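input13.txt follows; it contains compact mmCIF, C-alpha atoms and all ligand atoms.
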```txt
# COMPACT_ATOMS: atom_id res chain seq x y z
CA MET A 1 80.90 7.28 -43.45
CA THR A 2 81.87 10.92 -42.96
CA LYS A 3 85.49 11.67 -43.66
CA GLY A 4 87.60 13.59 -41.13
CA TYR A 5 88.60 17.23 -41.72
CA SER A 6 92.13 16.51 -42.98
CA GLU A 7 90.95 13.97 -45.54
CA GLN A 8 88.49 16.44 -47.02
CA THR A 9 90.79 19.42 -47.34
CA ALA A 10 93.93 18.50 -49.25
CA GLY A 11 94.47 22.17 -50.16
CA ALA A 12 94.60 23.37 -46.55
CA LYS A 13 97.76 21.37 -45.82
CA LEU A 14 99.49 22.82 -48.90
CA CYS A 15 98.62 26.33 -47.66
CA ILE A 16 100.16 25.59 -44.25
CA ASP A 17 103.30 24.07 -45.79
CA LEU A 18 103.82 27.27 -47.79
CA ALA A 19 104.05 29.22 -44.53
CA SER A 20 106.79 26.98 -43.08
CA ASP A 21 109.59 29.31 -44.21
CA TRP A 22 108.11 32.30 -42.34
CA ALA A 23 107.34 30.15 -39.31
CA SER A 24 111.00 29.06 -39.15
CA GLU A 25 112.02 32.71 -39.39
CA CYS A 26 109.70 33.63 -36.51
CA ILE A 27 111.16 30.84 -34.37
CA ALA A 28 114.78 31.66 -35.29
CA ASN A 29 114.26 35.25 -34.12
CA LEU A 30 112.66 34.34 -30.80
CA ASN A 31 114.64 35.10 -27.71
CA ILE A 32 114.08 31.82 -25.85
CA GLU A 33 115.03 32.21 -22.21
CA ASP A 34 112.18 30.49 -20.44
CA ASN A 35 109.61 27.84 -21.18
CA LEU A 36 108.18 28.25 -24.64
CA PHE A 37 104.47 28.41 -25.48
CA MET A 38 103.12 28.06 -28.99
CA MET A 39 99.49 28.05 -30.04
CA ASP A 40 97.56 26.95 -33.14
CA TYR A 41 94.26 28.87 -33.38
CA GLY A 42 91.40 27.14 -35.24
CA ALA A 43 93.37 23.92 -35.68
CA ALA A 44 90.43 21.58 -36.60
CA ASP A 45 91.71 18.01 -36.18
CA GLY A 46 95.34 19.15 -36.25
CA GLY A 47 96.21 16.76 -39.07
CA THR A 48 96.94 19.36 -41.73
CA ALA A 49 99.51 21.15 -39.51
CA SER A 50 101.18 18.09 -38.03
CA GLU A 51 104.24 18.19 -40.30
CA PHE A 52 104.46 21.99 -39.86
CA TRP A 53 104.62 21.77 -36.04
CA GLY A 54 106.93 18.76 -36.20
CA LYS A 55 109.47 20.83 -38.13
CA ILE A 56 109.18 23.78 -35.75
CA ILE A 57 109.72 21.60 -32.69
CA GLN A 58 112.72 20.00 -34.36
CA ASP A 59 114.15 23.49 -35.21
CA ILE A 60 113.81 24.53 -31.55
CA ARG A 61 115.39 21.36 -30.21
CA GLU A 62 118.34 21.80 -32.57
CA ARG A 63 119.11 25.03 -30.73
CA GLU A 64 119.95 22.83 -27.75
CA ILE A 65 118.15 24.97 -25.24
CA THR A 66 116.83 23.52 -22.02
CA SER A 67 113.41 25.18 -22.26
CA GLN A 68 110.30 23.06 -22.13
CA ILE A 69 107.99 23.44 -25.08
CA SER A 70 104.18 23.58 -24.90
CA LEU A 71 102.05 23.40 -28.02
CA ILE A 72 98.43 24.44 -27.44
CA GLY A 73 95.79 23.48 -29.97
CA ASN A 74 92.68 25.64 -30.12
CA ASP A 75 89.32 25.20 -31.76
CA LEU A 76 85.66 25.65 -30.84
CA TYR A 77 83.99 23.48 -28.16
CA SER A 78 81.95 21.88 -30.96
CA ASN A 79 85.10 20.75 -32.83
CA ASP A 80 86.28 17.14 -32.71
CA ASN A 81 88.83 18.03 -30.02
CA GLN A 82 89.50 14.36 -29.33
CA ALA A 83 90.94 14.06 -32.84
CA LEU A 84 92.90 17.28 -32.26
CA ILE A 85 94.59 16.10 -29.06
CA LYS A 86 95.38 12.77 -30.72
CA ASN A 87 97.15 14.49 -33.61
CA LEU A 88 98.94 16.97 -31.31
CA SER A 89 100.19 14.28 -28.95
CA VAL A 90 102.33 12.86 -31.75
CA HIS A 91 104.74 15.67 -30.82
CA SER A 92 104.76 15.03 -27.07
CA SER A 93 104.58 11.26 -26.74
CA GLY A 94 107.96 9.90 -25.76
CA ASN A 95 109.30 13.45 -25.59
CA GLU A 96 109.61 14.75 -22.02
CA SER A 97 110.45 18.31 -22.99
CA VAL A 98 107.30 18.77 -25.08
CA SER A 99 103.72 19.00 -23.77
CA THR A 100 100.62 19.23 -25.92
CA LEU A 101 97.44 20.85 -24.61
CA ILE A 102 93.97 21.74 -25.81
CA CYS A 103 92.28 25.08 -25.30
CA ALA A 104 88.67 24.89 -26.45
CA GLY A 105 86.93 28.19 -27.11
CA SER A 106 86.55 30.99 -29.61
CA PHE A 107 89.53 33.01 -30.79
CA TYR A 108 87.24 36.04 -30.65
CA ASP A 109 87.86 35.79 -26.89
CA GLN A 110 91.09 35.97 -24.96
CA LEU A 111 92.01 32.29 -24.60
CA VAL A 112 95.16 32.26 -22.45
CA PRO A 113 96.65 34.66 -19.86
CA ASP A 114 98.37 37.90 -20.84
CA ARG A 115 101.91 37.58 -22.21
CA LEU A 116 101.99 33.76 -22.33
CA ILE A 117 102.51 33.03 -26.03
CA ASP A 118 105.88 33.09 -27.82
CA PHE A 119 104.58 32.01 -31.21
CA GLY A 120 100.97 32.08 -32.35
CA PHE A 121 99.83 30.60 -35.63
CA SER A 122 96.53 30.24 -37.44
CA ALA A 123 95.67 28.86 -40.87
CA THR A 124 92.53 29.19 -42.97
CA ALA A 125 90.30 29.75 -39.94
CA MET A 126 89.64 33.47 -39.50
CA HIS A 127 87.36 34.32 -42.44
CA TRP A 128 83.98 33.44 -40.84
CA LEU A 129 82.03 36.40 -39.50
CA ASN A 130 81.38 36.48 -35.78
CA LYS A 131 77.92 37.97 -36.28
CA LYS A 132 75.49 37.19 -39.10
CA VAL A 133 75.01 39.85 -41.77
CA GLU A 134 71.55 39.45 -43.24
CA THR A 135 71.46 42.01 -46.03
CA LEU A 136 72.57 39.82 -48.95
CA ASP A 137 69.32 38.79 -50.63
CA ASN A 138 70.30 38.16 -54.26
CA HIS A 139 73.30 35.79 -54.04
CA THR A 140 74.82 33.16 -51.77
CA HIS A 141 78.27 34.82 -51.52
CA VAL A 142 78.75 38.54 -51.16
CA LEU A 143 82.00 38.78 -53.15
CA ALA A 144 80.44 37.10 -56.19
CA SER A 145 77.34 39.30 -55.95
CA ASN A 146 76.76 42.75 -57.42
CA ASN A 147 75.25 43.91 -54.14
CA LYS A 148 77.41 46.89 -53.12
CA SER A 149 75.55 47.77 -49.97
CA ALA A 150 75.67 44.17 -48.67
CA ARG A 151 79.38 44.09 -49.54
CA ASN A 152 79.95 47.16 -47.38
CA ASP A 153 78.02 45.53 -44.52
CA PHE A 154 80.13 42.36 -44.78
CA LEU A 155 83.35 44.37 -44.95
CA GLU A 156 82.38 46.39 -41.88
CA GLN A 157 81.67 43.23 -39.85
CA ALA A 158 84.84 41.51 -41.15
CA LEU A 159 87.01 44.46 -40.10
CA TYR A 160 85.34 44.66 -36.71
CA ASP A 161 86.03 40.91 -36.23
CA TRP A 162 89.63 41.14 -37.40
CA ASN A 163 90.33 44.01 -34.99
CA GLN A 164 88.93 41.89 -32.18
CA ILE A 165 90.97 38.80 -33.13
CA LEU A 166 94.20 40.83 -33.24
CA GLU A 167 93.40 42.66 -30.01
CA MET A 168 93.04 39.32 -28.18
CA ARG A 169 96.28 37.97 -29.66
CA SER A 170 98.10 41.20 -28.78
CA ARG A 171 97.21 40.57 -25.13
CA GLU A 172 98.24 36.91 -25.22
CA LEU A 173 101.63 37.44 -26.86
CA LYS A 174 104.82 38.01 -24.88
CA VAL A 175 106.85 41.07 -25.75
CA GLY A 176 109.08 39.83 -28.59
CA GLY A 177 106.55 37.09 -29.41
CA LYS A 178 105.50 36.49 -33.00
CA LEU A 179 102.14 35.88 -34.63
CA LEU A 180 101.83 34.35 -38.10
CA THR A 181 98.42 34.20 -39.79
CA VAL A 182 97.58 32.39 -43.01
CA ASN A 183 94.13 33.39 -44.17
CA LEU A 184 91.89 33.01 -47.19
CA SER A 185 91.99 36.39 -48.90
CA ARG A 186 91.19 38.51 -51.94
CA ASP A 187 94.04 39.70 -54.16
CA HIS A 188 94.40 42.94 -56.10
CA GLU A 189 92.71 41.35 -59.12
CA ASP A 190 89.72 40.35 -56.99
CA ARG A 191 90.61 36.64 -57.03
CA TYR A 192 89.64 34.53 -54.03
CA LEU A 193 88.75 30.93 -53.20
CA GLY A 194 86.15 30.01 -55.80
CA ASN A 195 87.12 32.78 -58.25
CA ASN A 196 90.42 32.37 -60.10
CA GLY A 197 89.79 35.34 -62.37
CA GLY A 198 87.92 33.47 -65.09
CA GLY A 199 90.32 30.55 -65.64
CA THR A 200 87.38 28.31 -64.68
CA VAL A 201 83.82 28.99 -63.50
CA ASN A 202 83.16 31.08 -60.38
CA VAL A 203 82.19 28.37 -57.88
CA HIS A 204 79.99 30.79 -55.91
CA ASP A 205 77.99 31.77 -59.00
CA GLN A 206 77.39 28.07 -59.67
CA ILE A 207 76.27 27.40 -56.09
CA HIS A 208 73.97 30.40 -56.25
CA SER A 209 72.49 29.34 -59.57
CA ILE A 210 71.51 25.91 -58.13
CA TRP A 211 70.07 27.55 -54.97
CA ARG A 212 67.97 29.92 -57.14
CA ASP A 213 66.76 26.94 -59.23
CA LEU A 214 65.58 25.29 -56.00
CA LEU A 215 63.49 28.40 -55.30
CA GLN A 216 62.05 28.41 -58.83
CA GLU A 217 61.15 24.72 -58.46
CA ASN A 218 59.43 25.48 -55.12
CA LEU A 219 61.84 23.20 -53.27
CA ILE A 220 62.77 26.09 -50.97
CA THR A 221 60.82 29.20 -49.96
CA GLU A 222 61.68 32.80 -50.77
CA ALA A 223 62.77 33.36 -47.15
CA GLU A 224 65.02 30.27 -47.25
CA TYR A 225 66.51 31.44 -50.56
CA LYS A 226 67.39 34.81 -49.03
CA ARG A 227 68.80 33.28 -45.84
CA GLY A 228 71.10 30.98 -47.86
CA THR A 229 74.21 33.10 -47.39
CA ILE A 230 77.80 31.97 -46.82
CA GLN A 231 78.75 34.10 -43.84
CA ASN A 232 82.40 34.74 -44.59
CA PHE A 233 84.55 37.44 -46.15
CA TYR A 234 87.92 37.25 -47.89
CA LYS A 235 89.87 40.38 -46.99
CA SER A 236 92.40 42.26 -49.17
CA PRO A 237 96.04 42.77 -48.02
CA GLU A 238 95.20 46.36 -47.00
CA GLU A 239 92.21 45.21 -44.97
CA PHE A 240 94.39 42.65 -43.18
CA THR A 241 97.04 45.20 -42.24
CA LEU A 242 94.63 47.96 -41.18
CA PRO A 243 94.71 47.24 -37.40
CA LEU A 244 98.53 47.26 -37.61
CA THR A 245 98.79 50.61 -39.37
CA ASN A 246 95.98 52.32 -37.48
CA LYS A 247 97.65 53.66 -34.33
CA ALA A 248 94.27 53.98 -32.64
CA SER A 249 93.48 50.25 -32.85
CA GLU A 250 93.60 48.27 -29.61
CA ALA A 251 96.04 45.77 -31.17
CA TYR A 252 98.42 48.59 -32.11
CA LYS A 253 98.10 50.21 -28.68
CA ASN A 254 98.99 46.82 -27.13
CA GLY A 255 102.19 46.76 -29.22
CA LEU A 256 101.25 44.48 -32.14
CA ARG A 257 103.27 45.43 -35.23
CA LEU A 258 103.41 44.37 -38.87
CA LEU A 259 106.67 42.67 -39.86
CA LYS A 260 105.74 41.56 -43.38
CA GLU A 261 102.94 40.25 -45.56
CA ARG A 262 102.52 38.42 -48.86
CA THR A 263 99.84 36.72 -50.95
CA VAL A 264 100.37 33.10 -52.00
CA TYR A 265 98.45 30.92 -54.43
CA VAL A 266 97.74 27.19 -54.26
CA GLU A 267 96.28 25.44 -57.27
CA CYS A 268 93.39 23.10 -56.65
CA PRO A 269 94.89 19.72 -55.62
CA TYR A 270 91.79 17.85 -56.87
CA LYS A 271 92.16 19.44 -60.31
CA GLU A 272 95.90 18.71 -60.39
CA LYS A 273 95.15 15.04 -59.70
CA TRP A 274 92.41 14.98 -62.36
CA LYS A 275 94.84 16.40 -64.95
CA ASN A 276 96.99 13.31 -64.38
CA ASN A 277 94.43 10.54 -64.01
CA LYS A 278 91.36 11.99 -65.80
CA ASP A 279 89.18 10.22 -63.22
CA THR A 280 86.17 12.53 -63.49
CA GLU A 281 84.05 10.60 -60.98
CA GLU A 282 86.72 10.91 -58.29
CA PHE A 283 87.30 14.60 -59.14
CA SER A 284 83.62 15.60 -59.05
CA ILE A 285 83.02 13.89 -55.70
CA GLY A 286 86.30 15.09 -54.12
CA LEU A 287 85.76 18.69 -55.20
CA MET A 288 82.11 18.69 -54.12
CA GLU A 289 83.03 17.23 -50.70
CA THR A 290 85.63 19.91 -50.03
CA ILE A 291 83.15 22.67 -51.03
CA ARG A 292 80.43 21.01 -48.94
CA SER A 293 82.76 20.80 -45.90
CA TRP A 294 82.78 24.61 -45.54
CA SER A 295 79.46 25.64 -47.08
CA ARG A 296 76.88 23.05 -46.01
CA HIS A 297 76.12 24.61 -42.62
CA SER A 298 75.19 27.93 -44.29
CA PHE A 299 72.45 26.23 -46.32
CA ASP A 300 71.27 23.91 -43.55
CA ALA A 301 70.91 26.97 -41.31
CA ALA A 302 68.74 28.70 -43.94
CA LEU A 303 66.06 26.00 -43.91
CA GLU A 304 62.86 26.06 -41.85
CA LYS A 305 63.18 23.33 -39.23
CA ASN A 306 59.56 22.14 -39.05
CA TYR A 307 58.84 21.93 -42.73
CA GLU A 308 57.84 18.55 -44.21
CA ARG A 309 59.69 17.80 -47.46
CA GLU A 310 60.41 14.79 -49.59
CA ALA A 311 64.08 15.55 -50.07
CA ASN A 312 66.54 17.74 -48.21
CA PRO A 313 67.32 20.81 -50.39
CA THR A 314 70.93 20.87 -49.19
CA ASP A 315 71.43 17.28 -50.39
CA ILE A 316 69.92 18.25 -53.74
CA LEU A 317 72.25 21.27 -53.94
CA PHE A 318 75.38 19.16 -53.51
CA ASN A 319 74.14 16.34 -55.76
CA ARG A 320 73.54 18.87 -58.52
CA LEU A 321 76.93 20.45 -57.87
CA THR A 322 78.59 17.04 -58.34
CA SER A 323 76.71 16.56 -61.63
CA LEU A 324 77.77 19.99 -62.90
CA ILE A 325 81.43 19.27 -62.12
CA ARG A 326 81.15 15.80 -63.70
CA SER A 327 79.65 17.20 -66.91
CA ASP A 328 82.43 19.76 -67.48
CA PRO A 329 85.50 18.94 -65.35
CA GLU A 330 87.86 21.07 -67.43
CA ASN A 331 85.95 24.15 -66.33
CA TRP A 332 86.14 23.56 -62.55
CA SER A 333 88.91 24.23 -60.05
CA LEU A 334 89.08 25.50 -56.47
CA ASP A 335 92.28 27.51 -56.26
CA TYR A 336 93.37 29.09 -52.96
CA VAL A 337 94.37 32.74 -52.50
CA GLU A 338 95.98 33.04 -49.07
CA HIS A 339 97.39 35.99 -47.20
CA HIS A 340 100.41 35.52 -44.92
CA LEU A 341 100.90 38.10 -42.21
CA MET A 342 103.87 38.10 -39.82
CA MET A 343 103.53 40.22 -36.70
CA GLU A 344 105.51 40.94 -33.55
CA LYS A 345 104.57 42.32 -30.16
CA VAL A 346 106.90 45.15 -29.13
C1 LIG A 401 89.07 25.39 -42.48
S1 LIG A 401 89.43 24.87 -40.87
C2 LIG A 401 91.20 25.10 -40.82
C3 LIG A 401 91.88 24.11 -39.96
C4 LIG A 401 93.40 24.15 -39.98
N1 LIG A 401 93.89 25.35 -39.31
C5 LIG A 401 93.91 24.09 -41.39
O1 LIG A 401 94.39 25.10 -41.88
O2 LIG A 401 93.82 23.04 -42.01
C6 LIG A 401 88.83 26.17 -39.87
C7 LIG A 401 88.73 25.84 -38.40
O3 LIG A 401 88.54 27.04 -37.68
C8 LIG A 401 87.69 26.76 -36.60
N2 LIG A 401 87.08 28.01 -36.12
C9 LIG A 401 86.18 28.80 -36.76
N3 LIG A 401 85.83 29.82 -36.00
C10 LIG A 401 86.53 29.69 -34.83
C11 LIG A 401 86.59 30.46 -33.64
N4 LIG A 401 85.86 31.57 -33.50
N5 LIG A 401 87.43 30.06 -32.67
C12 LIG A 401 88.18 28.94 -32.81
N6 LIG A 401 88.16 28.16 -33.92
C13 LIG A 401 87.34 28.54 -34.92
C14 LIG A 401 86.68 25.80 -37.19
O4 LIG A 401 86.01 25.08 -36.17
C15 LIG A 401 87.57 24.92 -38.07
O5 LIG A 401 88.02 23.79 -37.38
```
Please lay out the structure from this file as structure tokens.
Amino acid sequence: MTKGYSEQTAGAKLCIDLASDWASECIANLNIEDNLFMMDYGAADGGTASEFWGKIIQDIREREITSQISLIGNDLYSNDNQALIKNLSVHSSGNESVSTLICAGSFYDQLVPDRLIDFGFSATAMHWLNKKVETLDNHTHVLASNNKSARNDFLEQALYDWNQILEMRSRELKVGGKLLTVNLSRDHEDRYLGNNGGGTVNVHDQIHSIWRDLLQENLITEAEYKRGTIQNFYKSPEEFTLPLTNKASEAYKNGLRLLKERTVYVECPYKEKWKNNKDTEEFSIGLMETIRSWSRHSFDAALEKNYEREANPTDILFNRLTSLIRSDPENWSLDYVEHHLMMEKV
């Protein structure tokens, strides 16, 4: 049976919890005069942020204001939005002053009317490129590769996308409204999810090495090898703040301003558990499943559809990944590097 999103991503909840202090600050500084609209962009099944939103709603209600509160959950049409509304409705059921709503669609588009949102939030959702970059032909992840020209291409697309995301949010926010983003990022020592600076193996190098072995064993073709690219990019703090410092950006022109930013680190929860129980079987499967949850589609998409084969190369990839982790658990960990960015519309 396939596990739901929240069960497969223990680290994502920890990342959201670490942003609770800044979320409370955003809410405390809101001038609440009318009905209040909050939105969670790229919420998946909403389970990882349930405690986070519960605390925010409680903070607002403690202010004893008469405003009605609406919490809007967003994710793509293809998401399990049934699971999302179920998790969101925990906050509204039996609570007349709170409504929970779903807005299905892409956050690359404007999703709600101008000046509706008081507080926008997004966690670990905005690192996927909106348009495929197809110039990485010697690795499966651009940041782990030595391919400088592909890296520039990925960076260019990532910055274009980020400008667009912030432009849309700058339209949706009320004047005085706050936006808090929590995103997978790259720190000043070039650490990012999958690369903790050499403490353990670079997960992306390991994935690539298996994918290249599949080519050498003729289990995938040269074209499939080259297409096997994880289409995301982990931005640096400067890259995140660029649309807020560049006065010519649409987001800036619409009044979106930087309040503060920081980088936070979350150690791999699967590894932490393994350190205590030394259950290598559980660790290797748990870690593989979380990696598979965000990378599988990149490899499935690389495969020719009408090609007869005995075994699915993507299944082989993740089976081999599990074996590698199992054979050397000490040397594996998936530590998060997340960037927090607090913004206000003026
Ligand atoms: C890793 S999950 C994060 C979920 C949750 N925010 C958390 O932190 O646990 C990323 C989510 O972003 C969603 N997503 C990706 N691109 C999106 C887009 N363009 N518009 C809306 N949602 C998107 C995915 O469908 C997925 O559910």
* To do: Enumerate residues in contact with ligand LIG 401 (chain A): an atom-to-atom distance of at most 7 Å, counting only C-alpha atoms and all ligand atoms. Format the result as a list of chain:residue names.
  =>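 Written in the requested form, the residues are A:Ser6, A:Ala12, A:Lys13, A:Ile16, A:Tyr41, A:Gly42, A:Ala43, A:Ala44, A:Asp45, A:Gly46, A:Thr48, A:Ala49, A:Asn74, A:Asp75, A:Leu76, A:Asn79, A:Gly105, A:Ser106, A:Phe107, A:Tyr108, A:Ser122, A:Ala123, A:Thr124, A:Ala125, A:Met126, A:Trp128.
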* Between atom CA of A:Ala23 and atom CA of A:Ala251, what is the distance, to one decimal in Å? -> 20.9 Å
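When only C-alpha atoms are used to compute distances to A:Leu129, the closest of the residues A:Gln157, A:Gly73, A:Asp21, A:Tyr192 turns out to be A:Gln157.
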* Pick out the closest residue to A:Asn196 from this set: A:Asn331, A:Ser20, A:Asn35, A:Ser50. Count only C-alpha atoms. =>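 Result for the nearest residue to A:Asn196: A:Asn331.
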* Asked: When distances are computed from all atoms listed in the file, which of A:Glu308, A:Glu224, A:Asp187, A:Asp279 shows the smallest separation from A:Arg212?
  ->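 Smallest separation from A:Arg212 among the options: A:Glu224.
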* Interatomic distance, atom CA of A:Asp114 to atom CA of A:Asp34 (Å, one decimal) ->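 Interatomic distance, atom CA of A:Asp114 to atom CA of A:Asp34: 15.7 Å.
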* To do: Take atom CA of A:Thr290 and atom CA of A:Ala158 and report the distance between them in Å, one decimal.
  => 23.4 Å
* Asked: Could you pull the residues within 12 Å of A:Asp161, counting only C-alpha atoms, minus those fewer than 6 positions along the same chain, as a list in words?
  -> Ser106, Phe107, Tyr108, Asp109, Met126, His127, Trp128, Leu129, Asn130, Lys131, Lys132, Phe154, Leu155, Glu167, Met168, Asn232, Phe233, Lys235, Glu239, Phe240 and Pro243 of chain A
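Among A:Asp213, A:Asp328, A:Glu261, A:Glu310, the residue with the shortest atom-to-atom distance to A:Pro237, counting all atoms listed in the file, is A:Glu261.
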